[in-house]
>>> print(open('upload25.csv').read())   # CSV, C-alpha atoms
chain,number,residue,atom,x,y,z
M,22,MET,CA,2.4,-0.6,10.7
M,23,SER,CA,4.4,-1.3,7.6
M,24,LEU,CA,5.8,-4.5,9.1
M,25,ASN,CA,2.4,-5.6,10.6
M,26,VAL,CA,0.3,-4.8,7.6
M,27,PHE,CA,2.6,-5.3,4.5
M,28,MET,CA,5.4,-7.6,5.5
M,29,ARG,CA,3.7,-10.0,7.9
M,30,PRO,CA,3.4,-13.0,5.5
M,31,HIS,CA,7.0,-12.6,4.4
M,32,ILE,CA,8.2,-12.3,8.0
M,33,GLU,CA,6.3,-15.5,8.9
M,34,MET,CA,7.9,-17.3,6.0
M,35,LEU,CA,11.4,-16.0,6.5
M,36,ALA,CA,11.3,-16.9,10.2
M,37,GLN,CA,11.0,-20.5,9.2
M,38,ASP,CA,14.4,-20.4,7.3
M,39,TYR,CA,16.4,-17.7,9.0
M,40,ASP,CA,17.1,-16.1,12.4
M,41,LEU,CA,15.1,-13.0,12.1
M,42,THR,CA,15.1,-9.6,13.8
M,43,LEU,CA,12.5,-6.8,13.4
M,44,ILE,CA,13.4,-3.2,14.0
M,45,ALA,CA,10.9,-0.3,13.8
M,46,ASN,CA,9.7,2.8,15.5
M,47,GLY,CA,7.4,1.7,18.3
M,48,VAL,CA,7.2,-0.5,21.4
M,49,ALA,CA,7.5,-4.3,21.5
M,50,ASN,CA,3.8,-5.0,22.2
M,51,GLU,CA,2.8,-3.2,19.0
M,52,PHE,CA,4.4,-5.9,16.9
M,53,PHE,CA,2.3,-8.9,15.8
M,54,VAL,CA,5.0,-11.4,16.9
M,55,SER,CA,6.5,-11.9,20.3
M,56,ASN,CA,10.0,-12.9,21.4
M,57,ALA,CA,8.6,-16.3,22.2
M,58,SER,CA,8.0,-16.9,18.4
M,59,GLY,CA,11.8,-16.9,17.9
M,60,VAL,CA,11.7,-13.6,16.1
M,61,LYS,CA,13.8,-10.9,17.9
M,62,ILE,CA,12.3,-7.5,18.3
M,63,MET,CA,14.3,-4.3,18.7
M,64,PRO,CA,12.3,-1.0,18.7
M,65,VAL,CA,14.3,2.0,17.5
M,66,ALA,CA,13.1,5.6,17.3
M,67,ILE,CA,12.9,6.2,13.6
M,68,ALA,CA,10.8,9.3,13.0
M,69,ARG,CA,8.7,9.5,9.8
M,70,ASP,CA,9.3,13.2,9.3
M,71,ILE,CA,12.7,14.7,8.7
M,72,ASN,CA,14.5,15.7,11.9
M,73,LEU,CA,18.3,15.9,11.6
M,74,ILE,CA,19.1,15.3,15.2
M,75,HIS,CA,16.7,12.4,15.7
M,76,ASP,CA,17.7,10.9,12.3
M,77,LEU,CA,21.4,11.0,13.3
M,78,LYS,CA,20.6,9.3,16.6
M,79,ALA,CA,18.6,6.6,14.8
M,80,LEU,CA,21.4,6.1,12.2
M,81,LEU,CA,24.0,5.7,15.0
M,82,SER,CA,21.6,3.3,16.9
M,83,LEU,CA,21.2,1.2,13.7
M,84,ALA,CA,24.9,1.1,13.0
M,85,GLY,CA,25.6,0.0,16.5
M,86,ILE,CA,23.1,-2.8,16.3
M,87,PHE,CA,24.3,-3.9,12.9
M,88,ARG,CA,27.9,-3.9,14.0
M,89,ARG,CA,27.1,-5.9,17.2
M,90,GLU,CA,24.7,-8.4,15.6
M,91,LYS,CA,26.7,-9.0,12.4
M,92,PHE,CA,23.6,-9.6,10.3
M,93,ASP,CA,24.1,-11.4,7.0
M,94,ALA,CA,21.2,-9.3,5.4
M,95,VAL,CA,19.4,-6.1,6.0
M,96,HIS,CA,16.0,-5.5,4.3
M,97,SER,CA,14.2,-2.2,4.6
M,98,ILE,CA,10.8,-0.8,3.7
M,99,THR,CA,9.5,2.8,3.8
M,100,PRO,CA,11.6,5.8,2.7
M,101,LYS,CA,13.0,6.9,6.1
M,102,ALA,CA,13.8,3.5,7.4
M,103,GLY,CA,15.3,2.7,4.0
M,104,LEU,CA,17.6,5.6,4.0
M,105,LEU,CA,18.9,5.2,7.5
M,106,SER,CA,19.2,1.4,7.4
M,107,MET,CA,20.9,1.2,4.0
M,108,LEU,CA,23.4,3.8,5.2
M,109,ALA,CA,24.0,2.0,8.4
M,110,ALA,CA,24.3,-1.4,6.7
M,111,THR,CA,26.8,0.1,4.2
M,112,LEU,CA,28.9,1.6,6.9
M,113,THR,CA,29.0,-1.7,8.8
M,114,ARG,CA,29.6,-3.7,5.6
M,115,THR,CA,26.5,-5.9,5.9
M,116,PRO,CA,26.9,-8.3,2.9
M,117,VAL,CA,23.3,-8.3,1.6
M,118,ARG,CA,21.4,-5.0,1.6
M,119,VAL,CA,17.9,-5.0,0.2
M,120,HIS,CA,15.4,-2.1,0.0
M,121,THR,CA,11.8,-2.3,-1.2
M,122,PHE,CA,10.4,0.9,-2.9
M,123,THR,CA,6.7,1.3,-2.3
M,124,GLY,CA,6.1,4.7,-4.0
M,125,GLN,CA,7.9,7.9,-4.3
M,126,VAL,CA,7.0,10.9,-2.1
M,127,TRP,CA,8.6,13.2,-4.7
M,128,ALA,CA,6.4,12.0,-7.6
M,129,THR,CA,3.9,14.9,-6.9
M,130,LYS,CA,6.6,17.5,-5.9
M,131,SER,CA,8.4,20.0,-8.0
M,132,GLY,CA,11.5,22.2,-7.9
M,133,TRP,CA,14.3,21.7,-5.4
M,134,VAL,CA,12.1,19.6,-3.1
M,135,ARG,CA,11.6,17.0,-5.8
M,136,GLU,CA,15.3,17.0,-6.7
M,137,GLY,CA,16.4,16.7,-3.1
M,138,LEU,CA,14.0,13.8,-2.4
M,139,LYS,CA,15.1,12.1,-5.6
M,140,ALA,CA,18.7,12.4,-4.5
M,141,LEU,CA,17.9,10.6,-1.3
M,142,ASP,CA,16.2,7.7,-3.2
M,143,ARG,CA,19.4,7.5,-5.4
M,144,LEU,CA,21.4,7.2,-2.2
M,145,ILE,CA,19.3,4.4,-1.0
M,146,ALA,CA,19.7,2.6,-4.4
M,147,TRP,CA,23.4,3.2,-4.3
M,148,CYS,CA,23.8,1.7,-0.8
M,149,ALA,CA,21.6,-1.3,-1.5
M,150,THR,CA,23.0,-4.5,-3.1
M,151,SER,CA,19.5,-5.4,-4.4
M,152,LEU,CA,16.3,-3.6,-4.8
M,153,LEU,CA,12.6,-4.6,-5.0
M,154,THR,CA,9.6,-2.5,-6.0
M,155,ASP,CA,6.0,-3.4,-5.8
M,156,SER,CA,4.8,-2.9,-9.4
M,157,PRO,CA,6.3,-3.2,-12.9
M,158,SER,CA,5.2,0.4,-13.7
M,159,GLN,CA,6.9,1.8,-10.6
M,160,ARG,CA,10.1,-0.1,-11.7
M,161,ALA,CA,9.9,1.5,-15.1
M,162,PHE,CA,9.3,4.9,-13.5
M,163,LEU,CA,12.4,4.5,-11.3
M,164,ILE,CA,14.6,3.5,-14.2
M,165,GLN,CA,13.2,6.3,-16.4
M,166,GLU,CA,14.0,8.9,-13.6
M,167,LYS,CA,17.5,7.4,-13.3
M,168,ILE,CA,17.1,6.4,-9.7
M,169,VAL,CA,18.4,2.9,-10.3
M,170,ALA,CA,19.9,0.8,-13.1
M,171,PRO,CA,17.5,-1.8,-14.6
M,172,GLU,CA,19.7,-4.8,-13.6
M,173,LYS,CA,19.5,-3.9,-9.9
M,174,ILE,CA,15.8,-3.8,-9.4
M,175,ARG,CA,13.0,-6.4,-9.8
M,176,VAL,CA,9.4,-7.0,-9.0
M,177,LEU,CA,8.1,-10.1,-7.1
M,178,GLY,CA,5.5,-11.9,-9.2
M,179,TYR,CA,3.1,-9.5,-10.9
M,180,GLY,CA,3.5,-6.9,-8.2
M,181,SER,CA,2.4,-5.7,-4.7
M,182,VAL,CA,4.4,-6.1,-1.5
M,183,ALA,CA,2.8,-9.3,-0.1
M,184,GLY,CA,-0.3,-9.8,-2.2
M,185,VAL,CA,-3.8,-10.3,-0.9
M,186,ASP,CA,-5.0,-12.7,1.7
M,187,VAL,CA,-7.9,-14.3,-0.2
M,188,ASN,CA,-9.1,-16.1,2.9
M,189,ARG,CA,-9.6,-12.7,4.5
M,190,PHE,CA,-10.7,-10.5,1.6
M,191,LYS,CA,-13.6,-12.2,-0.1
M,192,PRO,CA,-17.3,-11.8,-0.6
M,193,ASN,CA,-19.1,-12.0,2.8
M,194,ALA,CA,-22.8,-11.7,2.9
M,195,ASN,CA,-23.0,-11.4,6.7
M,196,ALA,CA,-20.4,-8.6,6.9
M,197,ARG,CA,-22.2,-6.8,4.0
M,198,GLN,CA,-25.5,-6.9,5.7
M,199,GLN,CA,-24.0,-5.8,9.1
M,200,ILE,CA,-22.1,-2.8,7.7
M,201,ARG,CA,-25.0,-1.6,5.6
M,202,SER,CA,-27.3,-2.0,8.6
M,203,GLU,CA,-25.0,0.1,10.7
M,204,LEU,CA,-24.8,2.8,8.1
M,205,HIS,CA,-28.6,2.6,7.3
M,206,ILE,CA,-27.9,1.6,3.6
M,207,GLY,CA,-30.3,-0.7,1.9
M,208,GLU,CA,-29.2,-3.9,0.1
M,209,SER,CA,-30.3,-2.7,-3.3
M,210,GLU,CA,-28.5,0.7,-3.0
M,211,VAL,CA,-25.0,1.2,-4.4
M,212,VAL,CA,-22.0,1.8,-2.1
M,213,CYS,CA,-19.0,3.7,-3.4
M,214,LEU,CA,-16.1,3.1,-0.9
M,215,TYR,CA,-12.9,4.9,-0.2
M,216,LEU,CA,-10.7,3.2,2.4
M,217,GLY,CA,-7.3,4.5,3.4
M,218,ARG,CA,-5.5,7.4,5.0
M,219,LEU,CA,-7.0,10.9,4.4
M,220,ASN,CA,-4.4,13.2,3.0
M,221,PRO,CA,-4.3,15.4,-0.1
M,222,ASP,CA,-2.2,13.0,-2.2
M,223,LYS,CA,-5.0,10.4,-2.0
M,224,GLY,CA,-7.4,12.7,-4.0
M,225,VAL,CA,-10.3,12.2,-1.6
M,226,GLN,CA,-11.4,15.8,-2.0
M,227,ASP,CA,-11.7,15.2,-5.8
M,228,LEU,CA,-13.8,12.1,-5.1
M,229,ALA,CA,-16.1,14.2,-2.8
M,230,LEU,CA,-16.5,16.9,-5.4
M,231,ALA,CA,-17.3,14.3,-8.1
M,232,PHE,CA,-19.9,12.6,-5.9
M,233,ALA,CA,-21.5,15.9,-5.0
M,234,GLN,CA,-21.9,16.6,-8.7
M,235,ILE,CA,-23.8,13.3,-9.4
M,236,ALA,CA,-25.5,12.6,-6.1
M,237,SER,CA,-28.9,14.0,-7.1
M,238,GLN,CA,-28.9,11.9,-10.3
M,239,VAL,CA,-28.4,8.7,-8.4
M,240,PRO,CA,-30.3,9.1,-5.1
M,241,THR,CA,-29.8,5.4,-4.2
M,242,ALA,CA,-25.9,5.8,-4.3
M,243,HIS,CA,-23.9,6.3,-1.2
M,244,LEU,CA,-20.3,7.4,-0.6
M,245,VAL,CA,-18.5,5.8,2.4
M,246,ILE,CA,-15.1,7.1,3.4
M,247,VAL,CA,-13.2,5.0,5.9
M,248,GLY,CA,-9.8,5.7,7.5
M,249,PRO,CA,-7.8,8.0,9.7
M,250,ASP,CA,-7.7,11.7,8.9
M,251,GLU,CA,-4.0,12.7,8.7
M,252,ALA,CA,-4.5,16.2,7.3
M,253,ASP,CA,-7.7,17.5,8.9
M,254,MET,CA,-9.7,16.9,5.8
M,255,SER,CA,-13.0,15.6,7.2
M,256,THR,CA,-14.6,19.0,7.8
M,257,GLY,CA,-13.9,20.2,4.3
M,258,ILE,CA,-15.2,16.9,2.8
M,259,ALA,CA,-18.4,17.1,4.8
M,260,GLN,CA,-18.9,20.7,3.6
M,261,THR,CA,-18.4,19.6,0.0
M,262,LEU,CA,-21.1,16.9,0.5
M,263,ALA,CA,-23.5,19.0,2.6
M,264,ALA,CA,-26.2,19.0,0.0
M,265,CYS,CA,-26.2,15.2,-0.2
M,266,SER,CA,-25.3,14.5,3.5
M,267,ALA,CA,-27.8,11.7,3.7
M,268,GLN,CA,-25.8,9.8,1.1
M,269,TYR,CA,-22.4,10.4,2.8
M,270,HIS,CA,-21.0,8.3,5.6
M,271,ARG,CA,-17.8,8.9,7.4
M,272,VAL,CA,-16.0,6.1,9.4
M,273,GLY,CA,-12.7,6.5,11.1
M,274,PHE,CA,-10.0,3.9,11.5
M,275,THR,CA,-11.0,0.2,11.2
M,276,ASN,CA,-9.1,-3.0,11.7
M,277,LYS,CA,-11.7,-4.8,9.6
M,278,PRO,CA,-11.3,-3.3,6.2
M,279,GLU,CA,-12.4,-6.6,4.6
M,280,ASP,CA,-15.9,-6.0,6.1
M,281,TYR,CA,-16.3,-2.6,4.4
M,282,MET,CA,-15.0,-4.0,1.1
M,283,ALA,CA,-17.6,-6.8,1.3
M,284,ALA,CA,-20.3,-4.1,1.8
M,285,ALA,CA,-19.1,-2.1,-1.2
M,286,ASP,CA,-20.1,-2.2,-4.9
M,287,ILE,CA,-17.4,0.2,-6.2
M,288,PHE,CA,-14.0,0.9,-4.7
M,289,CYS,CA,-12.6,4.4,-5.3
M,290,LEU,CA,-8.9,5.4,-5.3
M,291,PRO,CA,-8.4,8.8,-7.0
M,292,SER,CA,-4.8,9.0,-5.7
M,293,TYR,CA,-2.0,11.2,-7.2
M,294,ARG,CA,0.8,8.7,-6.3
M,295,GLU,CA,0.9,5.0,-5.4
M,296,GLY,CA,3.5,2.3,-5.4
M,297,PHE,CA,1.0,-0.3,-6.2
M,298,GLY,CA,-2.4,0.3,-4.5
M,299,SER,CA,-2.8,-2.9,-2.5
M,300,VAL,CA,-6.3,-1.9,-1.4
M,301,LEU,CA,-7.3,-2.3,-5.1
M,302,ILE,CA,-6.5,-6.0,-5.2
M,303,GLU,CA,-8.0,-6.4,-1.7
M,304,ALA,CA,-11.2,-4.9,-3.0
M,305,ALA,CA,-10.9,-7.1,-6.2
M,306,ALA,CA,-10.6,-10.2,-4.1
M,307,ALA,CA,-13.8,-9.2,-2.3
M,308,GLY,CA,-15.5,-9.0,-5.7
M,309,VAL,CA,-15.5,-5.2,-6.0
M,310,PRO,CA,-14.4,-3.4,-9.2
M,311,SER,CA,-12.5,-0.1,-8.9
M,312,LEU,CA,-12.6,3.5,-10.1
M,313,ALA,CA,-9.0,4.7,-9.8
M,314,SER,CA,-6.4,7.1,-11.1
M,315,LYS,CA,-4.4,6.2,-14.2
M,316,ILE,CA,-1.0,6.5,-12.6
M,317,TYR,CA,2.0,4.2,-12.2
M,318,GLY,CA,1.4,1.5,-9.7
M,319,ILE,CA,-2.4,1.6,-10.0
M,320,THR,CA,-2.2,0.6,-13.7
M,321,ASP,CA,-0.7,-2.7,-12.6
M,322,ALA,CA,-3.5,-3.3,-10.0
M,323,VAL,CA,-6.4,-2.5,-12.3
M,324,ASP,CA,-7.0,-3.8,-15.8
M,325,ASP,CA,-8.7,-0.8,-17.3
M,326,GLY,CA,-12.1,-1.6,-18.8
M,327,LYS,CA,-12.1,-5.2,-17.4
M,328,THR,CA,-11.6,-5.0,-13.6
M,329,GLY,CA,-12.4,-1.4,-13.2
M,330,ILE,CA,-12.2,2.1,-14.8
M,331,LEU,CA,-9.2,4.4,-14.8
M,332,HIS,CA,-9.3,8.2,-15.0
M,333,GLU,CA,-6.7,10.8,-15.2
M,334,PRO,CA,-5.6,12.1,-11.8
M,335,LYS,CA,-7.2,15.3,-10.4
M,336,GLN,CA,-9.9,15.2,-13.1
M,337,VAL,CA,-13.1,15.6,-11.2
M,338,GLU,CA,-15.4,15.4,-14.3
M,339,GLN,CA,-13.8,12.1,-15.3
M,340,ILE,CA,-14.3,10.7,-11.7
M,341,ALA,CA,-17.9,11.8,-11.8
M,342,GLN,CA,-18.5,10.2,-15.2
M,343,GLY,CA,-16.8,7.0,-14.0
M,344,LEU,CA,-19.1,6.9,-10.9
M,345,LEU,CA,-22.2,7.4,-13.0
M,346,THR,CA,-21.1,4.6,-15.4
M,347,LEU,CA,-20.6,2.1,-12.7
M,348,ILE,CA,-23.5,3.1,-10.5
M,349,GLN,CA,-26.0,3.0,-13.3
M,350,ASN,CA,-24.8,-0.2,-15.1
M,351,ASP,CA,-25.4,-3.2,-12.9
M,352,GLN,CA,-24.3,-5.7,-15.5
M,353,LEU,CA,-21.0,-3.9,-16.2
M,354,ARG,CA,-20.4,-3.7,-12.4
M,355,LYS,CA,-21.0,-7.4,-12.0
M,356,SER,CA,-18.9,-8.4,-15.0
M,357,MET,CA,-16.0,-6.3,-13.7
M,358,ALA,CA,-16.4,-7.7,-10.2
M,359,THR,CA,-16.1,-11.3,-11.5
M,360,GLN,CA,-13.0,-10.5,-13.6
M,361,ALA,CA,-11.4,-8.5,-10.7
M,362,GLN,CA,-11.9,-11.4,-8.3
M,363,GLU,CA,-10.4,-14.0,-10.7
M,364,ARG,CA,-7.4,-11.8,-11.5
M,365,ALA,CA,-6.7,-11.1,-7.8
M,366,TYR,CA,-6.8,-14.8,-7.0
M,367,GLN,CA,-4.7,-15.9,-9.9
M,368,LEU,CA,-2.0,-13.2,-9.9
M,369,PHE,CA,-1.9,-11.6,-6.5
M,370,GLY,CA,-2.6,-14.2,-3.9
M,371,THR,CA,-0.4,-14.0,-0.8
M,372,ALA,CA,1.0,-17.5,-1.4
M,373,VAL,CA,2.3,-16.4,-4.9
M,374,LEU,CA,4.1,-13.4,-3.4
M,375,VAL,CA,5.5,-15.2,-0.4
M,376,GLU,CA,6.9,-18.0,-2.6
M,377,ALA,CA,8.5,-15.3,-4.8
M,378,MET,CA,10.2,-13.8,-1.8
M,379,ARG,CA,11.4,-17.2,-0.7
M,380,ASP,CA,13.0,-17.7,-4.1
M,381,PHE,CA,14.4,-14.2,-4.0
M,382,TYR,CA,16.3,-14.8,-0.8
M,383,SER,CA,17.4,-18.3,-1.9
M,384,GLN,CA,19.0,-16.7,-4.9
M,385,LEU,CA,20.7,-14.0,-2.8
M,386,PHE,CA,22.2,-16.5,-0.5
M,387,ILE,CA,22.9,-19.2,-3.1
M,388,SER,CA,26.6,-18.6,-3.0
M,389,GLN,CA,26.9,-18.2,0.7
M,390,SER,CA,25.9,-20.3,3.8
M,391,HIS,CA,23.9,-17.6,5.5
M,392,GLU,CA,21.8,-18.6,8.5
M,393,LYS,CA,20.8,-15.2,9.7
M,394,GLY,CA,18.5,-12.7,8.0
M,395,TYR,CA,17.3,-9.3,9.1
M,396,LEU,CA,14.3,-7.1,8.3
M,397,ILE,CA,13.9,-3.4,9.4
>>> encode(input="upload25.csv", output="structure tokens")
Amino acid sequence: MSLNVFMRPHIEMLAQDYDLTLIANGVANEFFVSNASGVKIMPVAIARDINLIHDLKALLSLAGIFRREKFDAVHSITPKAGLLSMLAATLTRTPVRVHTFTGQVWATKSGWVREGLKALDRLIAWCATSLLTDSPSQRAFLIQEKIVAPEKIRVLGYGSVAGVDVNRFKPNANARQQIRSELHIGESEVVCLYLGRLNPDKGVQDLALAFAQIASQVPTAHLVIVGPDEADMSTGIAQTLAACSAQYHRVGFTNKPEDYMAAADIFCLPSYREGFGSVLIEAAAAGVPSLASKIYGITDAVDDGKTGILHEPKQVEQIAQGLLTLIQNDQLRKSMATQAQERAYQLFGTAVLVEAMRDFYSQLFISQSHEKGYLI
């Protein structure tokens, strides 16, 4: 999913200049490219959760591939793939080793769990020859937490992994009408949208509690929650919203997030941790202002007071007040929508980020005649 969703534009660009191999947990037909495209695919069982036996097998598999293929560069994304591939690339002396940090699991942890996970990120940083992160505030956080030295880590453009496809995420009257019709929501009613994975760190329960508080004050407002439930949260959310169930709509996984964003008036992301919050600039490109947590990563995606409203994480009362402010003020919402869309187009368009990645690799290889690159 990370390669297909986040890295696809970069992969398509890099494949024009380098011999490229993709490795991830999965099977070949799950990748968006085929061997016929010239991009080589090598599925390897890299589990998301910690499992020492499986992780050791994956490490040995990666080291064997790296030794055999003699890649000039290895580029990893996601924590587990980053740890295993940076270790394997170091052991096999791959010349260029790059990892992209996209958020820290340990940011919301405490005690020995936090310190242990931080140590693993330090190990990734030590193994890598260069590091990327997807937001300036995350870069500052990693430096402050002494995970990496300032000179070793950079941000492409103004942030995000691959920017936003403005040809896909944009205002769409037909999609807006269709989604609202399916959910039995009128055109003049206000849709507050959460779109993403359902897990505790996303703060979705806080959003539900806040909406339940204000639903009776704004009977024409609706809360739409879209995405897969990773932590069995749907039942609890439905119970929280039982008194306003007619204003609550639950949708599972969708491969058309742009349609739901086109149907929305406010995008909500009350998350406790984010590397950047790409969905925020996707919503912005669709002309939707945001109500989101004031945490590192998100503060780069939302210009507080201009393209959306930021609140302190876990503060249900602030979320409720932000919802009321945006629901009841059409002019403010429209003004923020315009500014959000302009900012997304100017700073976070995919073309801007892809060109920045091209320059990044050109600089890495400037002193060498490399013809083979590698992404995991």
>>> residues_around(input="upload25.csv", residues="range 115-124 of chain M", least_positions_apart="4", cutoff="10 Å", atoms="all atoms listed in the file", output="JSON, numbers by chain")
{"M": [87, 88, 91, 92, 93, 94, 95, 96, 97, 98, 99, 100, 102, 103, 104, 106, 107, 108, 109, 110, 111, 128, 142, 145, 146, 148, 149, 150, 151, 152, 153, 154, 155, 156, 159, 160, 163, 174, 175, 176, 181, 182, 294, 295, 296, 297, 298, 317, 318, 382, 385, 386, 394, 395, 396, 397]}
>>> atom_distance(input="upload25.csv", atom1="CA of Val212 in chain M", atom2="CA of Met282 in chain M")
9.6 Å
>>> closest_residue(input="upload25.csv", among="M:Ser209, M:Asn350, M:Gln234, M:Asn72", to="Glu338 in chain M", atoms="only C-alpha atoms")
M:Gln234
>>> atom_distance(input="upload25.csv", atom1="CA of Thr256 in chain M", atom2="CA of Gly224 in chain M")
15.2 Å
>>> residues_near_point(input="upload25.csv", point="(-23.9, 21.1, -7.2)", cutoff="10 Å", atoms="all atoms listed in the file", output="ChimeraX atom specification")
/M:230-237,261-262,264-265
>>> write_last_selection(input="upload25.csv", atoms="C-alpha atoms", output="mmCIF file, in the coordinates of the input")
data_model
loop_
_atom_site.group_PDB
_atom_site.id
_atom_site.type_symbol
_atom_site.label_atom_id
_atom_site.label_comp_id
_atom_site.auth_asym_id
_atom_site.auth_seq_id
_atom_site.Cartn_x
_atom_site.Cartn_y
_atom_site.Cartn_z
ATOM 1 C CA LEU M 230 -16.500 16.900 -5.400
ATOM 2 C CA ALA M 231 -17.300 14.300 -8.100
ATOM 3 C CA PHE M 232 -19.900 12.600 -5.900
ATOM 4 C CA ALA M 233 -21.500 15.900 -5.000
ATOM 5 C CA GLN M 234 -21.900 16.600 -8.700
ATOM 6 C CA ILE M 235 -23.800 13.300 -9.400
ATOM 7 C CA ALA M 236 -25.500 12.600 -6.100
ATOM 8 C CA SER M 237 -28.900 14.000 -7.100
ATOM 9 C CA THR M 261 -18.400 19.600 0.000
ATOM 10 C CA LEU M 262 -21.100 16.900 0.500
ATOM 11 C CA ALA M 264 -26.200 19.000 0.000
ATOM 12 C CA CYS M 265 -26.200 15.200 -0.200
#
>>> residues_around(input="upload25.csv", residues="Ala196 in chain M", least_positions_apart="3", cutoff="6 Å", atoms="all atoms listed in the file", output="ChimeraX atom specification")
/M:193,199,280
>>> residues_near_point(input="upload25.csv", point="(-17.9, 5.0, -10.7)", cutoff="8 Å", atoms="all atoms listed in the file", output="list in words")
Cys213, Ile287, Cys289, Ser311, Leu312, Ile330, Ile340, Ala341, Gln342, Gly343, Leu344, Leu345, Thr346, Leu347 and Ile348 of chain M
>>> closest_residue(input="upload25.csv", among="M:Leu290, M:Val187, M:Leu228, M:Leu353", to="Phe369 in chain M", atoms="all atoms listed in the file")
M:Val187
>>> residues_around(input="upload25.csv", residues="Asp325 in chain M", least_positions_apart="6", cutoff="12 Å", atoms="all atoms listed in the file", output="PDB file with C-alpha atoms, in the coordinates of the input")
ATOM      1  CA  PRO M 310     -14.400  -3.400  -9.200  1.00  0.00           C
ATOM      2  CA  SER M 311     -12.500  -0.100  -8.900  1.00  0.00           C
ATOM      3  CA  LEU M 312     -12.600   3.500 -10.100  1.00  0.00           C
ATOM      4  CA  ALA M 313      -9.000   4.700  -9.800  1.00  0.00           C
ATOM      5  CA  SER M 314      -6.400   7.100 -11.100  1.00  0.00           C
ATOM      6  CA  LYS M 315      -4.400   6.200 -14.200  1.00  0.00           C
ATOM      7  CA  ILE M 316      -1.000   6.500 -12.600  1.00  0.00           C
ATOM      8  CA  ILE M 319      -2.400   1.600 -10.000  1.00  0.00           C
ATOM      9  CA  LEU M 331      -9.200   4.400 -14.800  1.00  0.00           C
ATOM     10  CA  HIS M 332      -9.300   8.200 -15.000  1.00  0.00           C
ATOM     11  CA  GLU M 333      -6.700  10.800 -15.200  1.00  0.00           C
ATOM     12  CA  GLY M 343     -16.800   7.000 -14.000  1.00  0.00           C
ATOM     13  CA  MET M 357     -16.000  -6.300 -13.700  1.00  0.00           C
ATOM     14  CA  GLN M 360     -13.000 -10.500 -13.600  1.00  0.00           C
ATOM     15  CA  ALA M 361     -11.400  -8.500 -10.700  1.00  0.00           C
TER      16      ALA M 361
END
>>> closest_residue(input="upload25.csv", among="M:Pro249, M:Gly47, M:Pro278, M:Pro240", to="Ala68 in chain M", atoms="only C-alpha atoms")
M:Gly47
>>> atom_distance(input="upload25.csv", atom1="CA of Phe288 in chain M", atom2="CA of Leu301 in chain M")
7.4 Å
>>> closest_residue(input="upload25.csv", among="M:Val134, M:Val300, M:Ala358, M:Ile206", to="Lys327 in chain M", atoms="only C-alpha atoms")
M:Ala358
>>> closest_residue(input="upload25.csv", among="M:Lys277, M:Leu144, M:Gln226, M:Ala170", to="Gly248 in chain M", atoms="all atoms listed in the file")
M:Lys277
>>> residues_around(input="upload25.csv", residues="Glu303 in chain M", least_positions_apart="2", cutoff="8 Å", atoms="all atoms listed in the file", output="list in words")
Val185, Asp186, Phe190, Glu279, Met282, Ser299, Val300, Leu301, Ala305, Ala306, Ala307 and Ala365 of chain M
